[in-house]
file model24.tsv (TSV, C-alpha atoms)
chain	number	residue	atom	x	y	z
A	1	MET	CA	-36.42	-24.24	-50.95
A	2	ILE	CA	-32.75	-23.51	-51.12
A	3	THR	CA	-30.83	-25.09	-48.30
A	4	HIS	CA	-27.18	-24.14	-48.74
A	5	THR	CA	-25.93	-20.72	-49.60
A	6	HIS	CA	-22.28	-21.31	-50.30
A	7	ARG	CA	-19.99	-23.67	-52.16
A	8	PRO	CA	-17.83	-25.90	-50.02
A	9	LEU	CA	-15.08	-25.77	-52.63
A	10	ARG	CA	-14.28	-24.80	-56.17
A	11	VAL	CA	-12.62	-27.27	-58.49
A	12	VAL	CA	-9.74	-26.11	-60.66
A	13	LEU	CA	-8.83	-28.31	-63.59
A	14	TYR	CA	-5.23	-27.30	-63.95
A	15	GLU	CA	-3.55	-27.77	-67.32
A	16	GLY	CA	-1.04	-24.98	-67.04
A	17	ASN	CA	2.72	-25.08	-66.78
A	18	GLY	CA	3.97	-28.10	-64.91
A	19	ALA	CA	0.94	-30.23	-65.76
A	20	ILE	CA	0.13	-32.55	-68.65
A	21	PRO	CA	-3.00	-31.59	-70.60
A	22	LEU	CA	-5.85	-34.04	-70.43
A	23	ASP	CA	-7.18	-35.74	-73.49
A	24	ALA	CA	-9.89	-33.45	-74.91
A	25	SER	CA	-12.61	-36.06	-74.70
A	26	ALA	CA	-11.72	-36.98	-71.14
A	27	ARG	CA	-11.60	-33.31	-70.18
A	28	ALA	CA	-15.16	-32.67	-71.34
A	29	LYS	CA	-16.42	-35.78	-69.58
A	30	VAL	CA	-14.75	-34.78	-66.33
A	31	MET	CA	-16.15	-31.28	-66.50
A	32	SER	CA	-19.65	-32.50	-67.38
A	33	ALA	CA	-19.64	-34.95	-64.49
A	34	LEU	CA	-18.60	-32.28	-62.00
A	35	LEU	CA	-20.97	-29.60	-63.30
A	36	ASP	CA	-23.91	-31.98	-63.37
A	37	LYS	CA	-23.26	-32.69	-59.70
A	38	GLY	CA	-23.38	-29.01	-58.89
A	39	TYR	CA	-19.67	-28.10	-58.71
A	40	ALA	CA	-18.15	-24.96	-60.17
A	41	VAL	CA	-15.10	-25.73	-62.27
A	42	THR	CA	-12.33	-23.47	-63.50
A	43	ARG	CA	-10.27	-24.74	-66.37
A	44	THR	CA	-6.79	-23.25	-66.42
A	45	THR	CA	-4.41	-23.64	-69.33
A	46	ALA	CA	-0.92	-22.55	-70.21
A	47	GLN	CA	-2.48	-20.31	-72.84
A	48	GLY	CA	-4.20	-18.62	-70.01
A	49	SER	CA	-6.55	-15.70	-69.91
A	50	PRO	CA	-7.27	-13.20	-67.22
A	51	ALA	CA	-8.80	-14.98	-64.27
A	52	PHE	CA	-11.76	-13.82	-62.26
A	53	PRO	CA	-10.96	-12.85	-58.73
A	54	HIS	CA	-11.94	-15.70	-56.48
A	55	ASP	CA	-13.87	-15.56	-53.28
A	56	ASP	CA	-13.78	-19.22	-52.45
A	57	ARG	CA	-12.18	-20.35	-49.26
A	58	SER	CA	-11.29	-23.75	-50.54
A	59	LEU	CA	-9.84	-24.78	-53.89
A	60	LEU	CA	-9.33	-28.30	-55.11
A	61	VAL	CA	-6.75	-28.33	-57.88
A	62	LEU	CA	-6.83	-31.37	-60.13
A	63	GLY	CA	-4.28	-32.19	-62.79
A	64	VAL	CA	-2.17	-34.80	-64.46
A	65	PHE	CA	1.25	-34.15	-63.05
A	66	PRO	CA	4.67	-35.61	-63.92
A	67	ASP	CA	5.42	-38.73	-61.89
A	68	GLN	CA	1.83	-38.56	-60.73
A	69	ARG	CA	2.87	-36.23	-57.96
A	70	ALA	CA	0.69	-33.20	-57.35
A	71	PRO	CA	2.70	-30.23	-56.12
A	72	GLN	CA	1.93	-28.92	-52.68
A	73	VAL	CA	0.62	-25.38	-52.97
A	74	GLU	CA	-0.10	-22.78	-50.36
A	75	ASP	CA	-2.01	-19.53	-50.59
A	76	ILE	CA	0.35	-16.66	-49.97
A	77	SER	CA	-2.29	-14.84	-47.96
A	78	GLY	CA	-3.10	-17.89	-45.94
A	79	GLU	CA	-6.80	-17.29	-46.47
A	80	VAL	CA	-7.51	-19.99	-49.01
A	81	LYS	CA	-7.11	-23.66	-48.40
A	82	ILE	CA	-5.65	-25.30	-51.48
A	83	ASP	CA	-5.70	-29.05	-52.02
A	84	THR	CA	-3.97	-30.56	-55.02
A	85	ARG	CA	-4.63	-34.01	-56.43
A	86	ASP	CA	-3.17	-35.97	-59.30
A	87	ILE	CA	-5.84	-37.56	-61.48
A	88	THR	CA	-3.65	-39.65	-63.77
A	89	GLY	CA	-5.57	-42.67	-64.99
A	90	LEU	CA	-8.89	-41.63	-63.48
A	91	ASP	CA	-11.97	-41.51	-65.66
A	92	ALA	CA	-14.80	-39.04	-65.11
A	93	SER	CA	-16.48	-41.13	-62.43
A	94	GLY	CA	-13.17	-41.62	-60.69
A	95	VAL	CA	-12.51	-37.88	-60.65
A	96	LEU	CA	-16.02	-37.22	-59.38
A	97	ALA	CA	-15.53	-39.74	-56.59
A	98	LEU	CA	-12.25	-38.07	-55.66
A	99	VAL	CA	-13.92	-34.66	-55.49
A	100	GLU	CA	-16.84	-36.01	-53.46
A	101	THR	CA	-14.45	-37.63	-51.04
A	102	THR	CA	-12.49	-34.42	-50.67
A	103	ARG	CA	-15.69	-32.47	-50.04
A	104	GLY	CA	-16.63	-34.94	-47.36
A	105	ASP	CA	-19.77	-34.10	-45.48
A	106	LYS	CA	-19.72	-30.40	-46.25
A	107	PRO	CA	-23.19	-29.63	-47.60
A	108	MET	CA	-23.95	-28.12	-50.97
A	109	ASN	CA	-26.93	-27.73	-53.25
A	110	GLN	CA	-27.21	-30.44	-55.83
A	111	PRO	CA	-29.19	-30.69	-59.06
A	112	GLY	CA	-32.22	-32.91	-58.91
A	113	VAL	CA	-32.99	-32.17	-55.31
A	114	TRP	CA	-34.24	-28.64	-55.68
A	115	LYS	CA	-35.05	-26.34	-58.58
A	116	PRO	CA	-34.15	-22.68	-58.50
A	117	TRP	CA	-37.59	-21.30	-59.21
A	118	PHE	CA	-38.26	-17.62	-58.68
A	119	PRO	CA	-39.28	-14.60	-60.73
A	120	VAL	CA	-36.74	-12.34	-62.37
A	121	ILE	CA	-37.80	-8.79	-63.17
A	122	ASP	CA	-36.83	-7.21	-66.46
A	123	TYR	CA	-36.45	-3.64	-65.29
A	124	SER	CA	-36.15	-2.40	-68.84
A	125	ARG	CA	-39.86	-3.28	-69.19
A	126	CYS	CA	-41.17	-2.94	-65.64
A	127	THR	CA	-43.25	0.17	-65.00
A	128	ASN	CA	-43.43	-0.37	-61.26
A	129	CYS	CA	-47.20	-0.80	-61.37
A	130	MET	CA	-47.11	-3.14	-58.36
A	131	GLN	CA	-49.59	-5.57	-59.83
A	132	CYS	CA	-47.28	-8.51	-59.09
A	133	LEU	CA	-47.04	-7.41	-55.49
A	134	SER	CA	-50.82	-7.28	-55.25
A	135	PHE	CA	-51.23	-10.59	-57.00
A	136	CYS	CA	-48.76	-12.87	-55.25
A	137	LEU	CA	-50.16	-14.65	-52.23
A	138	PHE	CA	-46.77	-15.63	-50.88
A	139	ASP	CA	-44.97	-12.36	-50.29
A	140	VAL	CA	-42.35	-13.05	-52.93
A	141	TYR	CA	-42.36	-9.39	-53.91
A	142	GLY	CA	-41.53	-6.37	-51.87
A	143	VAL	CA	-40.67	-2.73	-52.30
A	144	SER	CA	-37.18	-1.29	-52.03
A	145	LYS	CA	-36.30	1.78	-50.03
A	146	ASP	CA	-36.65	3.84	-53.16
A	147	ASN	CA	-40.13	2.39	-53.81
A	148	LYS	CA	-39.19	0.02	-56.57
A	149	ILE	CA	-40.73	-3.37	-56.91
A	150	GLN	CA	-38.26	-6.14	-56.26
A	151	VAL	CA	-38.10	-9.85	-55.62
A	152	GLN	CA	-37.38	-10.14	-51.93
A	153	ASN	CA	-38.28	-13.68	-50.93
A	154	ASN	CA	-37.20	-16.17	-53.58
A	155	ASP	CA	-37.83	-19.10	-51.31
A	156	ASN	CA	-41.49	-18.25	-50.93
A	157	CYS	CA	-42.13	-18.81	-54.62
A	158	LYS	CA	-43.99	-22.01	-55.45
A	159	THR	CA	-42.05	-24.20	-57.84
A	160	ASN	CA	-43.50	-24.31	-61.34
A	161	CYS	CA	-46.02	-21.57	-60.58
A	162	PRO	CA	-45.47	-18.67	-63.03
A	163	ALA	CA	-48.86	-17.10	-62.33
A	164	CYS	CA	-47.56	-13.60	-61.56
A	165	SER	CA	-45.77	-13.40	-64.91
A	166	ARG	CA	-49.03	-14.08	-66.68
A	167	VAL	CA	-50.68	-11.05	-65.18
A	168	CYS	CA	-47.79	-8.62	-65.59
A	169	PRO	CA	-49.11	-6.02	-68.03
A	170	GLU	CA	-45.63	-5.33	-69.37
A	171	VAL	CA	-44.35	-8.89	-69.79
A	172	ALA	CA	-41.58	-7.93	-67.40
A	173	ILE	CA	-41.60	-11.00	-65.15
A	174	MET	CA	-39.54	-13.98	-66.23
A	175	PHE	CA	-39.01	-17.45	-64.85
A	176	PRO	CA	-35.70	-18.75	-66.23
A	177	LYS	CA	-36.59	-22.40	-65.77
A	178	TYR	CA	-39.92	-22.12	-67.55
A	179	GLN	CA	-40.14	-23.81	-70.93
A	180	GLN	CA	-42.02	-21.34	-73.10
A	181	GLY	CA	-41.52	-17.75	-74.05
A	182	PRO	CA	-41.82	-14.99	-73.26
A	183	ILE	CA	-42.04	-16.13	-69.64
A	184	ASN	CA	-38.68	-17.90	-69.99
A	185	GLY	CA	-37.00	-14.64	-70.98
A	186	ASP	CA	-37.40	-15.00	-74.71
A	187	VAL	CA	-37.72	-11.83	-76.75
A	188	VAL	CA	-41.06	-10.11	-76.23
A	189	ASN	CA	-42.81	-9.54	-79.50
A	190	GLU	CA	-45.61	-7.18	-80.39
A	191	THR	CA	-48.22	-9.88	-80.11
A	192	ASP	CA	-47.19	-10.45	-76.53
A	193	VAL	CA	-47.82	-6.87	-75.54
A	194	GLY	CA	-50.58	-5.96	-77.94
A	195	ARG	CA	-53.45	-6.59	-75.66
A	196	GLU	CA	-55.75	-4.91	-73.28
A	197	LYS	CA	-54.10	-3.98	-70.04
A	198	MET	CA	-55.73	-5.87	-67.26
A	199	LYS	CA	-55.86	-5.71	-63.56
A	200	VAL	CA	-56.51	-8.83	-61.60
A	201	ASP	CA	-57.68	-8.64	-58.08
A	202	ILE	CA	-56.53	-11.27	-55.65
A	203	SER	CA	-60.11	-11.77	-54.55
A	204	SER	CA	-60.71	-13.39	-57.91
A	205	LEU	CA	-59.90	-16.61	-56.13
A	206	LEU	CA	-63.12	-16.22	-54.29
A	207	GLY	CA	-65.13	-16.06	-57.47
A	208	GLY	CA	-65.86	-12.38	-57.14
A	209	ASP	CA	-66.87	-9.95	-59.78
A	210	ILE	CA	-63.44	-9.59	-61.30
A	211	TYR	CA	-63.10	-13.30	-61.75
A	212	ALA	CA	-66.47	-13.39	-63.38
A	213	ALA	CA	-65.47	-10.51	-65.58
A	214	LEU	CA	-62.34	-12.29	-66.64
A	215	LYS	CA	-64.23	-15.46	-67.33
A	216	ASN	CA	-66.51	-13.50	-69.54
A	217	ARG	CA	-63.82	-11.92	-71.62
A	218	SER	CA	-65.25	-11.78	-75.06
A	219	GLU	CA	-62.74	-13.82	-76.97
A	220	ALA	CA	-59.49	-15.56	-76.38
A	221	ALA	CA	-56.75	-14.31	-78.63
A	222	LYS	CA	-54.89	-16.99	-80.50
A	223	SER	CA	-51.46	-15.60	-79.83
A	224	ARG	CA	-48.65	-17.15	-77.85
A	225	PHE	CA	-49.44	-14.54	-75.27
A	226	SER	CA	-52.99	-15.62	-74.80
A	227	LYS	CA	-51.94	-19.23	-74.46
A	228	GLU	CA	-49.13	-18.60	-72.06
A	229	ARG	CA	-50.19	-15.50	-70.21
A	230	SER	CA	-53.94	-15.45	-70.02
A	231	PRO	CA	-55.50	-14.17	-66.82
A	232	ASP	CA	-57.73	-17.21	-66.60
A	233	LYS	CA	-54.71	-19.45	-66.72
A	234	ALA	CA	-52.96	-17.36	-64.12
A	235	LEU	CA	-55.87	-17.68	-61.77
A	236	ASP	CA	-56.12	-21.39	-62.40
A	237	GLU	CA	-52.44	-21.76	-61.65
A	238	ARG	CA	-52.71	-19.86	-58.44
A	239	LYS	CA	-55.49	-22.11	-57.31
A	240	LYS	CA	-53.53	-25.15	-58.41
A	241	CYS	CA	-50.54	-23.98	-56.44
A	242	LEU	CA	-52.58	-23.82	-53.30
A	243	THR	CA	-54.22	-27.15	-53.92
A	244	LYS	CA	-50.96	-28.83	-54.80
A	245	MET	CA	-49.27	-27.61	-51.66
A	246	VAL	CA	-51.84	-29.56	-49.72
A	247	SER	CA	-52.02	-32.66	-51.89
A	248	ASP	CA	-48.24	-32.98	-52.08
A	249	GLY	CA	-47.93	-32.88	-48.36
A	250	PHE	CA	-45.77	-29.80	-48.82
A	251	ILE	CA	-47.46	-28.26	-45.90
A	252	PRO	CA	-47.46	-30.27	-42.68
A	253	ALA	CA	-50.77	-30.89	-41.03
A	254	ASP	CA	-50.09	-28.45	-38.26
A	255	VAL	CA	-49.47	-25.71	-40.76
A	256	LEU	CA	-52.44	-26.61	-42.86
A	257	ALA	CA	-54.61	-24.36	-40.80
A	258	ALA	CA	-52.42	-21.47	-41.88
A	259	LEU	CA	-53.18	-22.02	-45.54
A	260	PRO	CA	-54.92	-19.05	-47.05
A	261	SER	CA	-58.56	-19.36	-46.31
A	262	PRO	CA	-60.88	-17.07	-48.21
A	263	GLU	CA	-60.71	-14.65	-45.33
A	264	GLU	CA	-56.94	-14.89	-45.18
A	265	ILE	CA	-56.66	-14.34	-48.89
A	266	LEU	CA	-58.76	-11.24	-48.58
A	267	ARG	CA	-56.65	-10.01	-45.71
A	268	LYS	CA	-53.42	-10.62	-47.60
A	269	ALA	CA	-54.91	-8.98	-50.63
A	270	GLU	CA	-55.71	-5.89	-48.64
A	271	GLU	CA	-52.22	-5.82	-47.17
A	272	ALA	CA	-50.58	-6.25	-50.53
A	273	LYS	CA	-52.78	-3.60	-52.06
A	274	ALA	CA	-51.95	-1.23	-49.26
A	275	ARG	CA	-48.24	-1.81	-49.71
A	276	ALA	CA	-48.52	-1.38	-53.44
A	277	GLN	CA	-50.57	1.79	-53.06
A	278	ALA	CA	-48.15	3.20	-50.50
A	279	ALA	CA	-45.28	2.61	-52.88
A	280	LEU	CA	-47.19	4.19	-55.75
A	281	ASP	CA	-48.10	7.17	-53.60
A	282	ALA	CA	-44.48	7.56	-52.56
A	283	GLN	CA	-43.46	7.46	-56.20
A	284	ALA	CA	-45.97	10.13	-57.06
A	285	THR	CA	-44.82	12.31	-54.18
A	286	SER	CA	-41.20	12.07	-55.14
A	287	ALA	CA	-41.87	12.66	-58.83
B	1	MET	CA	0.69	-0.45	-76.72
B	2	SER	CA	-1.80	-2.97	-75.41
B	3	GLY	CA	-4.84	-4.10	-77.40
B	4	PRO	CA	-8.36	-4.65	-76.16
B	5	ALA	CA	-8.65	-6.90	-73.14
B	6	THR	CA	-9.24	-10.57	-73.83
B	7	PRO	CA	-12.79	-11.50	-72.87
B	8	LYS	CA	-13.17	-13.91	-70.00
B	9	LEU	CA	-15.35	-16.91	-70.71
B	10	LEU	CA	-18.16	-18.24	-68.55
B	11	TYR	CA	-20.18	-21.37	-69.27
B	12	CYS	CA	-23.42	-22.15	-67.46
B	13	ARG	CA	-24.41	-25.82	-67.39
B	14	CYS	CA	-28.03	-25.15	-66.40
B	15	ALA	CA	-27.77	-28.33	-64.37
B	16	TYR	CA	-30.80	-27.70	-62.18
B	17	ALA	CA	-33.43	-27.96	-64.90
B	18	GLN	CA	-33.75	-29.51	-68.30
B	19	VAL	CA	-34.50	-26.39	-70.28
B	20	VAL	CA	-31.31	-26.08	-72.32
B	21	PRO	CA	-30.98	-28.72	-75.05
B	22	GLN	CA	-28.54	-31.36	-73.81
B	23	GLY	CA	-26.86	-31.66	-77.20
B	24	VAL	CA	-26.18	-27.95	-77.41
B	25	LYS	CA	-24.72	-27.58	-73.96
B	26	ASP	CA	-22.61	-30.70	-74.38
B	27	GLU	CA	-21.27	-29.55	-77.72
B	28	VAL	CA	-20.47	-26.06	-76.48
B	29	LEU	CA	-18.61	-27.51	-73.51
B	30	GLN	CA	-16.75	-29.91	-75.77
B	31	ARG	CA	-15.67	-27.06	-78.04
B	32	LEU	CA	-14.47	-25.00	-75.10
B	33	CYS	CA	-12.57	-28.01	-73.82
B	34	ASP	CA	-11.05	-28.66	-77.23
B	35	SER	CA	-9.75	-25.14	-77.36
B	36	GLY	CA	-6.75	-24.06	-75.40
B	37	ALA	CA	-8.77	-21.45	-73.59
B	38	SER	CA	-9.08	-21.06	-69.88
B	39	PHE	CA	-12.66	-20.61	-68.77
B	40	GLU	CA	-15.00	-20.62	-65.83
B	41	SER	CA	-17.94	-22.95	-65.62
B	42	VAL	CA	-20.79	-23.05	-63.15
B	43	ALA	CA	-23.47	-25.62	-62.52
B	44	ASP	CA	-26.27	-23.09	-62.78
B	45	LEU	CA	-26.41	-19.30	-62.74
B	46	CYS	CA	-29.98	-19.48	-61.45
B	47	GLU	CA	-28.87	-21.49	-58.44
B	48	MET	CA	-26.21	-18.89	-57.74
B	49	ALA	CA	-28.69	-16.05	-58.18
B	50	ALA	CA	-31.14	-17.76	-55.85
B	51	HIS	CA	-28.78	-17.25	-52.95
B	52	ARG	CA	-27.23	-14.02	-54.19
B	53	ASP	CA	-23.85	-15.67	-54.70
B	54	GLU	CA	-21.12	-13.08	-54.34
B	55	ARG	CA	-19.27	-14.64	-57.22
B	56	LEU	CA	-21.78	-13.12	-59.61
B	57	LYS	CA	-20.33	-9.75	-58.70
B	58	ALA	CA	-16.88	-10.97	-59.67
B	59	PHE	CA	-18.24	-12.14	-63.01
B	60	ALA	CA	-20.00	-8.83	-63.65
B	61	ALA	CA	-16.91	-6.89	-62.69
B	62	GLY	CA	-14.80	-9.09	-64.92
B	63	ALA	CA	-15.91	-7.58	-68.22
B	64	PRO	CA	-15.20	-7.98	-71.02
B	65	ILE	CA	-16.95	-11.27	-70.61
B	66	ARG	CA	-18.69	-13.80	-72.84
B	67	ILE	CA	-21.35	-15.94	-71.24
B	68	ALA	CA	-22.80	-19.11	-72.71
B	69	ALA	CA	-26.13	-19.51	-70.93
B	70	CYS	CA	-29.68	-18.77	-72.02
B	71	PHE	CA	-31.84	-15.82	-73.03
B	72	PRO	CA	-29.92	-12.54	-72.65
B	73	ARG	CA	-32.93	-10.82	-71.09
B	74	VAL	CA	-33.07	-13.32	-68.29
B	75	VAL	CA	-29.31	-13.56	-67.76
B	76	LYS	CA	-29.08	-9.79	-67.41
B	77	GLY	CA	-32.05	-9.90	-65.05
B	78	LEU	CA	-30.43	-12.53	-62.85
B	79	PHE	CA	-27.30	-10.47	-62.42
B	80	THR	CA	-29.24	-7.26	-61.83
B	81	GLN	CA	-31.45	-8.93	-59.25
B	82	CYS	CA	-28.33	-9.93	-57.34
B	83	GLY	CA	-26.97	-6.41	-57.24
B	84	ALA	CA	-24.36	-7.25	-59.85
B	85	PRO	CA	-25.62	-5.76	-63.11
B	86	LEU	CA	-23.71	-6.69	-66.21
B	87	PRO	CA	-22.22	-3.71	-68.00
B	88	ASP	CA	-24.05	-2.47	-71.10
B	89	GLU	CA	-20.89	-2.90	-73.08
B	90	GLY	CA	-18.43	-5.71	-72.70
B	91	ALA	CA	-20.85	-8.47	-71.76
B	92	GLU	CA	-21.83	-10.76	-74.61
B	93	ILE	CA	-24.47	-13.37	-73.84
B	94	LEU	CA	-24.85	-16.42	-76.03
B	95	ASN	CA	-28.13	-18.27	-75.85
B	96	MET	CA	-27.90	-22.06	-75.68
B	97	ARG	CA	-31.70	-22.33	-75.75
B	98	ALA	CA	-32.00	-20.68	-79.14
B	99	GLN	CA	-28.66	-20.62	-80.93
B	100	THR	CA	-26.73	-23.52	-82.37
B	101	ALA	CA	-23.69	-24.94	-80.63
B	102	GLU	CA	-21.61	-23.92	-83.62
B	103	GLU	CA	-22.74	-20.30	-83.40
B	104	ILE	CA	-22.09	-20.17	-79.70
B	105	ALA	CA	-18.71	-21.86	-79.74
B	106	THR	CA	-17.55	-19.66	-82.58
B	107	ALA	CA	-18.64	-16.52	-80.76
B	108	MET	CA	-17.18	-17.65	-77.45
B	109	LEU	CA	-13.80	-18.45	-78.93
B	110	ALA	CA	-13.55	-15.58	-81.40
B	111	GLU	CA	-10.27	-13.72	-81.28
call {"tool": "encode", "arguments": {"input": "model24.tsv", "output": "structure tokens"}}
result
Amino acid sequence: MITHTHRPLRVVLYEGNGAIPLDASARAKVMSALLDKGYAVTRTTAQGSPAFPHDDRSLLVLGVFPDQRAPQVEDISGEVKIDTRDITGLDASGVLALVETTRGDKPMNQPGVWKPWFPVIDYSRCTNCMQCLSFCLFDVYGVSKDNKIQVQNNDNCKTNCPACSRVCPEVAIMFPKYQQGPINGDVVNETDVGREKMKVDISSLLGGDIYAALKNRSEAAKSRFSKERSPDKALDERKKCLTKMVSDGFIPADVLAALPSPEEILRKAEEAKARAQAALDAQATSA
Amino acid sequence: MSGPATPKLLYCRCAYAQVVPQGVKDEVLQRLCDSGASFESVADLCEMAAHRDERLKAFAAGAPIRIAACFPRVVKGLFTQCGAPLPDEGAEILNMRAQTAEEIATAMLAE
């Protein structure tokens, strides 16, 4: 789950007036090193281009300055803390160490520790059918004030579980960090959508009639869709997610009892269905 | 008389997962660095979207903008999900998962 919701600082690689441009190769290495550690980096040149407005409270300006003396700079509004450092002679690892030292113990998210894994809805395809809301066991989805499906609880999503996207009838749910299309956001082709619309009940986990019906589907299509988005696979993944949470020790022993039991799953299913139906009814009323 | 606004440039490193080919993202970054252009770079747009980073709004409001990231459908979705939809016109998304580094760098740095 995400732990930090802000950047402690933004790095500015300054190569504008009053600074000496870095060697191109060194510049790319410095930027790669910082980005791969999770920092945001602005490169500023004398050539310039319109800058984005900044909302950071702390800027670290790096540059190669004459006489190796970084100018002291102050924000005119007094709202932004600006540190400047000369990086003459430092290689990429040296610059990274300097930035890390400047950051100190201020926390930030870092690659390799956590993966941003959550669904992204393509509203140009979504028909607001609420199937994802009914399907997800973890309350990732919710309904907005105007009765539109939306992702409300990113952190509840189980890493590497794209099960909800597999059951979306409109191929409208994407997971950006997934490898294959169309779940990764790749263009949706006709094969992906040319299939029977299906509804999957959450109680499938319990081996009910719907699960049996799905298992008995007459033939598996050979398309990318059928491989990546089949209902059987979705159900398997959902079960795997639950199992993995336990086997990975993701859920402490004292919370284990709260894992969805068959009864709990049924209860959540009913709740989700009720929410979905209420939203659909509200849509119909307002239409 | 002033001409069309110069597009701002944004590069996403996709540092939190190995789904963008390393060679492509390295080459695109190198080409941006070799140019004289100023640009913004972020470790990962998904990471920012995960915590509804306010800076995404600044990016969306900064059009015209060119973004080197991944599939346009998902990039647009990330911004929309954060309440910062990219404009229909003025936001060009280059896909480092599907296009070549040459194509992307050329498009990013086009006059």
call {"tool": "closest_residue", "arguments": {"input": "model24.tsv", "among": "B:Cys70, B:Leu9, B:Cys14, B:Leu32", "to": "Ala91 (chain B)", "atoms": "all atoms listed in the file"}}
result
B:Leu9
call {"tool": "closest_atom_pairs", "arguments": {"input": "model24.tsv", "of": "chain A", "to": "chain B", "cutoff": "6 Å", "atoms": "all atoms listed in the file", "output": "Markdown table"}}
result
| residue | atom | partner | partner_atom | distance |
| --- | --- | --- | --- | --- |
| A:Thr5 | CA | B:His51 | CA | 5.6 |
| A:Ala24 | CA | B:Asp34 | CA | 5.4 |
| A:Ala28 | CA | B:Gln30 | CA | 5.5 |
| A:Leu35 | CA | B:Ala43 | CA | 4.8 |
| A:Asp36 | CA | B:Ala15 | CA | 5.4 |
| A:Gly38 | CA | B:Ala43 | CA | 5.0 |
| A:Tyr39 | CA | B:Ala43 | CA | 5.9 |
| A:Ala40 | CA | B:Val42 | CA | 4.4 |
| A:Val41 | CA | B:Ser41 | CA | 5.2 |
| A:Thr42 | CA | B:Glu40 | CA | 4.5 |
| A:Arg43 | CA | B:Ser38 | CA | 5.2 |
| A:Thr44 | CA | B:Ser38 | CA | 4.7 |
| A:Thr45 | CA | B:Ser38 | CA | 5.4 |
| A:Gly48 | CA | B:Ser38 | CA | 5.5 |
| A:Ser49 | CA | B:Ser38 | CA | 5.9 |
| A:Pro111 | CA | B:Tyr16 | CA | 4.6 |
| A:Lys115 | CA | B:Tyr16 | CA | 5.7 |
| A:Pro116 | CA | B:Glu47 | CA | 5.4 |
| A:Val120 | CA | B:Gly77 | CA | 5.9 |
| A:Asp122 | CA | B:Gly77 | CA | 5.7 |
| A:Gly185 | CA | B:Val74 | CA | 4.9 |
| A:Asp186 | CA | B:Phe71 | CA | 5.9 |
call {"tool": "closest_residue", "arguments": {"input": "model24.tsv", "among": "A:Val80, A:Lys37, A:Leu22, A:Val95", "to": "Val64 (chain A)", "atoms": "only C-alpha atoms"}}
result
A:Leu22
call {"tool": "atom_distance", "arguments": {"input": "model24.tsv", "atom1": "CA of Trp114 (chain A)", "atom2": "CA of Leu94 (chain B)"}}
result
25.5 Å
call {"tool": "residues_around", "arguments": {"input": "model24.tsv", "residues": "Cys129 (chain A)", "least_positions_apart": "6", "cutoff": "10 Å", "atoms": "all atoms listed in the file", "output": "VMD selection string"}}
result
chain A and resid 148 to 149 168 to 170 276 to 277 279 to 280
call {"tool": "residues_near_point", "arguments": {"input": "model24.tsv", "point": "(-16.2, -28.5, -44.2)", "cutoff": "10 Å", "atoms": "only C-alpha atoms", "output": "VMD selection string"}}
result
chain A and resid 8 to 9 58 102 to 107
call {"tool": "atom_distance", "arguments": {"input": "model24.tsv", "atom1": "CA of Val143 (chain A)", "atom2": "CA of Asp155 (chain A)"}}
result
16.6 Å
call {"tool": "atom_distance", "arguments": {"input": "model24.tsv", "atom1": "CA of Val167 (chain A)", "atom2": "CA of Gly142 (chain A)"}}
result
16.8 Å
call {"tool": "closest_residue", "arguments": {"input": "model24.tsv", "among": "A:Arg57, A:Cys132, A:Pro176, A:Asp139", "to": "Asp83 (chain A)", "atoms": "only C-alpha atoms"}}
result
A:Arg57
call {"tool": "residues_around", "arguments": {"input": "model24.tsv", "residues": "Ile82 (chain A)", "least_positions_apart": "6", "cutoff": "8 Å", "atoms": "only C-alpha atoms", "output": "ChimeraX atom specification"}}
result
/A:58-61,73-75
call {"tool": "closest_residue", "arguments": {"input": "model24.tsv", "among": "B:Gln22, B:Leu56, B:Glu89, B:Ile67", "to": "Ile104 (chain B)", "atoms": "only C-alpha atoms"}}
result
B:Ile67
call {"tool": "closest_residue", "arguments": {"input": "model24.tsv", "among": "A:Ser25, A:Ser165, A:Asn128, A:Thr101", "to": "Ser144 (chain A)", "atoms": "all atoms listed in the file"}}
result
A:Asn128
call {"tool": "closest_residue", "arguments": {"input": "model24.tsv", "among": "A:Cys164, A:Gly78, A:Glu190, A:Asn147", "to": "Ser286 (chain A)", "atoms": "all atoms listed in the file"}}
result
A:Asn147
call {"tool": "build_atoms", "arguments": {"input": "model24.tsv", "residues": "region 49-54 of chain B", "atoms": "N, CA and C atoms", "output": "compact mmCIF listing (two decimals), in the frame of the given file"}}
result
# COMPACT_ATOMS: atom_id res chain seq x y z
N ALA B 49 -27.88 -17.25 -58.39
CA ALA B 49 -28.69 -16.05 -58.18
C ALA B 49 -29.69 -16.26 -57.05
N ALA B 50 -30.14 -17.48 -56.88
CA ALA B 50 -31.14 -17.76 -55.85
C ALA B 50 -30.61 -17.43 -54.46
N HIS B 51 -29.32 -17.61 -54.27
CA HIS B 51 -28.78 -17.25 -52.95
C HIS B 51 -27.80 -16.09 -53.04
N ARG B 52 -28.01 -15.25 -54.07
CA ARG B 52 -27.23 -14.02 -54.19
C ARG B 52 -25.73 -14.30 -54.04
N ASP B 53 -25.26 -15.27 -54.77
CA ASP B 53 -23.85 -15.67 -54.70
C ASP B 53 -22.94 -14.48 -55.05
N GLU B 54 -22.03 -14.22 -54.16
CA GLU B 54 -21.12 -13.08 -54.34
C GLU B 54 -20.27 -13.22 -55.60
